[in-house]
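Undergrad: If it helps, the file is called query27.tsv and holds TSV, C-alpha atoms:
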chain	number	residue	atom	x	y	z
Y	269	MET	CA	89.25	96.32	256.91
Y	270	CYS	CA	87.49	93.01	257.02
Y	271	VAL	CA	88.07	89.89	255.00
Y	272	ARG	CA	85.51	87.61	253.42
Y	273	GLN	CA	86.48	83.97	253.17
Y	274	ARG	CA	84.93	80.54	253.12
Y	275	ARG	CA	84.61	78.91	256.55
Y	276	ASP	CA	83.69	75.24	256.54
Y	277	GLY	CA	82.20	75.38	260.05
Y	278	ALA	CA	79.76	78.08	258.94
Y	279	ARG	CA	79.23	76.41	255.55
Y	280	ALA	CA	79.37	79.88	254.04
Y	281	ASP	CA	81.56	82.83	253.24
Y	282	VAL	CA	82.07	84.82	256.44
Y	283	LEU	CA	82.97	88.48	256.91
Y	284	GLU	CA	85.51	88.73	259.70
Y	285	LEU	CA	88.49	90.61	261.05
Y	286	PRO	CA	91.89	89.77	259.63
Y	287	ALA	CA	93.27	87.14	261.96
Y	288	GLY	CA	95.66	84.27	262.30
Y	289	THR	CA	97.63	81.91	264.46
Y	290	LEU	CA	100.95	82.52	266.18
Y	291	GLU	CA	104.00	80.92	264.65
Y	292	PRO	CA	106.46	79.32	267.13
Y	293	GLY	CA	108.31	82.06	269.04
Y	294	GLU	CA	106.22	84.86	267.51
Y	295	SER	CA	104.61	87.64	269.57
Y	296	ALA	CA	100.95	88.54	269.13
Y	297	GLN	CA	101.98	91.93	267.69
Y	298	ALA	CA	104.36	90.34	265.16
Y	299	ALA	CA	101.64	87.88	264.14
Y	300	ALA	CA	99.16	90.75	263.73
Y	301	ASP	CA	101.67	92.60	261.50
Y	302	ARG	CA	102.17	89.48	259.39
Y	303	GLU	CA	98.48	88.62	259.08
Y	304	LEU	CA	97.38	92.19	258.28
Y	305	ALA	CA	100.06	92.43	255.55
Y	306	GLU	CA	99.13	89.01	254.12
Y	307	GLU	CA	95.37	89.43	254.21
Y	308	CYS	CA	94.87	93.18	253.62
Y	309	GLY	CA	98.16	94.64	252.39
Y	310	LEU	CA	98.24	97.06	255.32
Y	311	ALA	CA	100.72	98.01	258.05
Y	312	VAL	CA	100.18	99.31	261.58
Y	313	ALA	CA	102.89	101.35	263.32
Y	314	GLU	CA	102.02	100.26	266.85
Y	315	TRP	CA	99.49	97.79	268.25
Y	316	ALA	CA	97.63	98.11	271.55
Y	317	GLU	CA	96.52	94.89	273.20
Y	318	LEU	CA	92.85	95.23	274.17
Y	319	GLY	CA	92.57	91.93	275.99
Y	320	GLY	CA	91.84	88.32	275.23
Y	321	PHE	CA	89.41	85.47	275.64
Y	322	TRP	CA	89.06	81.71	275.26
Y	323	ALA	CA	87.62	80.97	271.80
Y	324	ALA	CA	85.54	77.95	272.88
Y	325	PRO	CA	86.53	76.96	276.42
Y	326	ALA	CA	84.23	73.95	276.59
Y	327	TYR	CA	86.31	72.03	274.06
Y	328	SER	CA	89.27	74.11	272.84
Y	329	THR	CA	92.54	75.40	274.29
Y	330	GLU	CA	92.61	78.33	271.85
Y	331	TRP	CA	93.32	81.71	273.50
Y	332	VAL	CA	92.51	84.80	271.39
Y	333	THR	CA	94.38	88.08	271.82
Y	334	VAL	CA	92.57	91.19	270.54
Y	335	LEU	CA	94.66	94.08	269.20
Y	336	ALA	CA	93.97	97.53	267.73
Y	337	GLY	CA	96.23	99.95	265.93
Y	338	THR	CA	96.34	102.89	263.56
Y	339	VAL	CA	96.99	102.01	259.93
Y	340	SER	CA	100.32	103.54	258.90
Y	341	GLY	CA	100.49	102.51	255.24
Y	342	ALA	CA	100.79	99.60	252.87
Y	343	ALA	CA	102.62	96.32	253.45
Y	344	THR	CA	103.23	93.21	251.38
Y	345	GLY	CA	102.66	89.61	252.31
Y	346	GLU	CA	101.58	86.35	250.73
Y	347	LEU	CA	98.40	84.47	251.50
Y	348	ASP	CA	98.63	80.85	252.55
Y	349	GLU	CA	98.04	78.46	249.64
Y	350	ASP	CA	94.61	77.42	250.95
Y	351	GLU	CA	93.34	80.99	251.53
Y	352	GLU	CA	90.97	82.74	249.14
Y	353	ILE	CA	90.28	86.13	250.68
Y	354	VAL	CA	88.39	89.20	249.50
Y	355	VAL	CA	89.21	92.42	251.37
Y	356	VAL	CA	86.09	94.37	252.33
Y	357	ARG	CA	86.07	97.94	253.61
Y	358	VAL	CA	83.20	98.33	256.09
Y	359	ALA	CA	82.06	101.77	257.27
Y	360	VAL	CA	81.52	102.21	260.99
Y	361	ALA	CA	77.90	103.28	260.48
Y	362	GLU	CA	77.26	100.13	258.46
Y	363	ALA	CA	78.78	97.91	261.13
Y	364	LEU	CA	76.78	99.61	263.88
Y	365	ALA	CA	73.57	99.35	261.84
Y	366	ALA	CA	74.19	95.60	261.48
Y	367	ARG	CA	74.03	95.05	265.25
Y	368	GLY	CA	71.12	92.81	266.11
Y	369	ARG	CA	70.93	91.34	262.62
Y	370	ARG	CA	72.43	87.99	261.79
Y	371	VAL	CA	75.63	89.39	260.30
Y	372	ARG	CA	79.03	87.88	260.88
Y	373	GLY	CA	81.67	90.56	260.73
Y	374	SER	CA	83.29	93.60	262.14
Y	375	ALA	CA	84.65	96.93	260.97
Y	376	ARG	CA	87.43	99.37	260.61
Y	377	ALA	CA	86.75	102.81	262.12
Y	378	VAL	CA	87.71	106.40	261.47
Y	379	ASP	CA	88.84	108.15	264.66
Y	380	GLY	CA	90.12	111.70	264.40
Y	381	GLY	CA	90.95	111.24	260.73
Y	382	GLU	CA	93.02	108.10	261.30
Y	383	TRP	CA	92.06	104.56	260.36
Y	384	ARG	CA	91.96	102.17	263.29
Y	385	GLN	CA	92.38	98.49	262.56
Y	386	TRP	CA	91.29	95.67	264.84
Y	387	THR	CA	92.54	92.14	264.56
Y	388	TRP	CA	92.81	88.99	266.61
Y	389	ILE	CA	95.56	86.44	266.99
Y	390	SER	CA	95.08	83.01	268.51
Y	391	ARG	CA	97.35	80.43	270.05
Y	392	THR	CA	96.73	76.97	271.39
Y	393	CYS	CA	97.44	76.80	275.10
Y	394	GLY	CA	97.56	74.15	277.76
Y	395	SER	CA	94.88	74.08	280.41
Y	396	ARG	CA	95.54	77.74	281.39
Y	397	ARG	CA	96.25	80.94	279.50
Y	398	GLY	CA	99.94	81.19	278.74
Y	399	SER	CA	100.69	77.52	279.38
Take the structure in the file and give it back as structure tokens.
TA:
Amino acid sequence: MCVRQRRDGARADVLELPAGTLEPGESAQAAADRELAEECGLAVAEWAELGGFWAAPAYSTEWVTVLAGTVSGAATGELDEDEEIVVVRVAVAEALAARGRRVRGSARAVDGGEWRQWTWISRTCGSRRGS
């Protein structure tokens, strides 16, 4: 699943992966569970960490952790007061066809009959990852 929401920096609605920021003391997996429930109403039984990257290392201390998991069912959560999100189901073929075009977004994929969900969680760090 993807979410469409207004992003002031883009001055437009943007199609993106469900994502969020770590709460104090929260693990990336717990944050991914919370954000996916809040934004999409979905649950994942187990997340796999795919890696991470600096969001904008020239001027930001935001580290992004990328996770993937198999959707296991529905979940409930509440959006933040300032969020207006539309959930968008994007087919893998559609996402792959969009490569090379100016499209902001990503996709959910079918793999062996199971839905795989990708998400990202960010945290503000010191000068190094994990600081």
Undergrad: Atom CA of Ala296 of chain Y to atom CA of Gly277 of chain Y: how many Å, to one decimal?
TA: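 One can read the atom CA of Ala296 of chain Y to atom CA of Gly277 of chain Y distance as 24.6 Å.
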Undergrad: Could you please determine the separation between atom CA of Glu314 of chain Y and atom CA of Ala287 of chain Y in Å, to one decimal place?
TA: 16.5 Å
Undergrad: Could you check which of Y:Ala280, Y:Gly319, Y:Cys270, Y:Arg275 is closest to Asp350 of chain Y, using all atoms listed in the file?
TA: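 Checking each of Y:Ala280, Y:Gly319, Y:Cys270, Y:Arg275 against Asp350 of chain Y, counting all atoms listed in the file, the winner is Y:Arg275.
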Undergrad: Quick one: distance from atom CA of Val271 of chain Y to atom CA of Cys308 of chain Y in Å, one decimal?
TA: 7.7 Å
Undergrad: Out of Y:Arg274, Y:Thr333, Y:Ala361, Y:Pro325, which residue has the shortest atom-to-atom distance to Ser295 of chain Y when counting all atoms listed in the file?
TA: Y:Thr333
Undergrad: Looking at Y:Ala278, Y:Gly337, Y:Trp331, Y:Leu318, which one is nearest to Leu290 of chain Y, with distances taken over all atoms listed in the file?
TA: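 Distance minimum relative to Leu290 of chain Y lands on Y:Trp331.
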Undergrad: Tell me, as a list in words, which residues lie within 10 Å of Glu306 of chain Y, counting all atoms listed in the file; anything in the same chain fewer than 5 positions away does not count.
TA: Pro286, Ala287, Ala300, Asp301, Ala311, Ala343, Thr344, Gly345, Glu346, Leu347, Asp348 and Ile353 of chain Y
Undergrad: With C-alpha atoms retained, write the just-selected residues as a CSV table (one decimal), in the coordinates of the input.
TA:
chain,number,residue,atom,x,y,z
Y,286,PRO,CA,91.9,89.8,259.6
Y,287,ALA,CA,93.3,87.1,262.0
Y,300,ALA,CA,99.2,90.8,263.7
Y,301,ASP,CA,101.7,92.6,261.5
Y,311,ALA,CA,100.7,98.0,258.0
Y,343,ALA,CA,102.6,96.3,253.4
Y,344,THR,CA,103.2,93.2,251.4
Y,345,GLY,CA,102.7,89.6,252.3
Y,346,GLU,CA,101.6,86.4,250.7
Y,347,LEU,CA,98.4,84.5,251.5
Y,348,ASP,CA,98.6,80.8,252.6
Y,353,ILE,CA,90.3,86.1,250.7
Undergrad: Give the answer as one residue: which of Y:Val339, Y:Leu304, Y:Ala313, Y:Val358 has the shortest atom-to-atom distance to Thr289 of chain Y, using only C-alpha atoms?
TA: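 Of Y:Val339, Y:Leu304, Y:Ala313, Y:Val358, the one nearest Thr289 of chain Y, counting only C-alpha atoms, is Y:Leu304.
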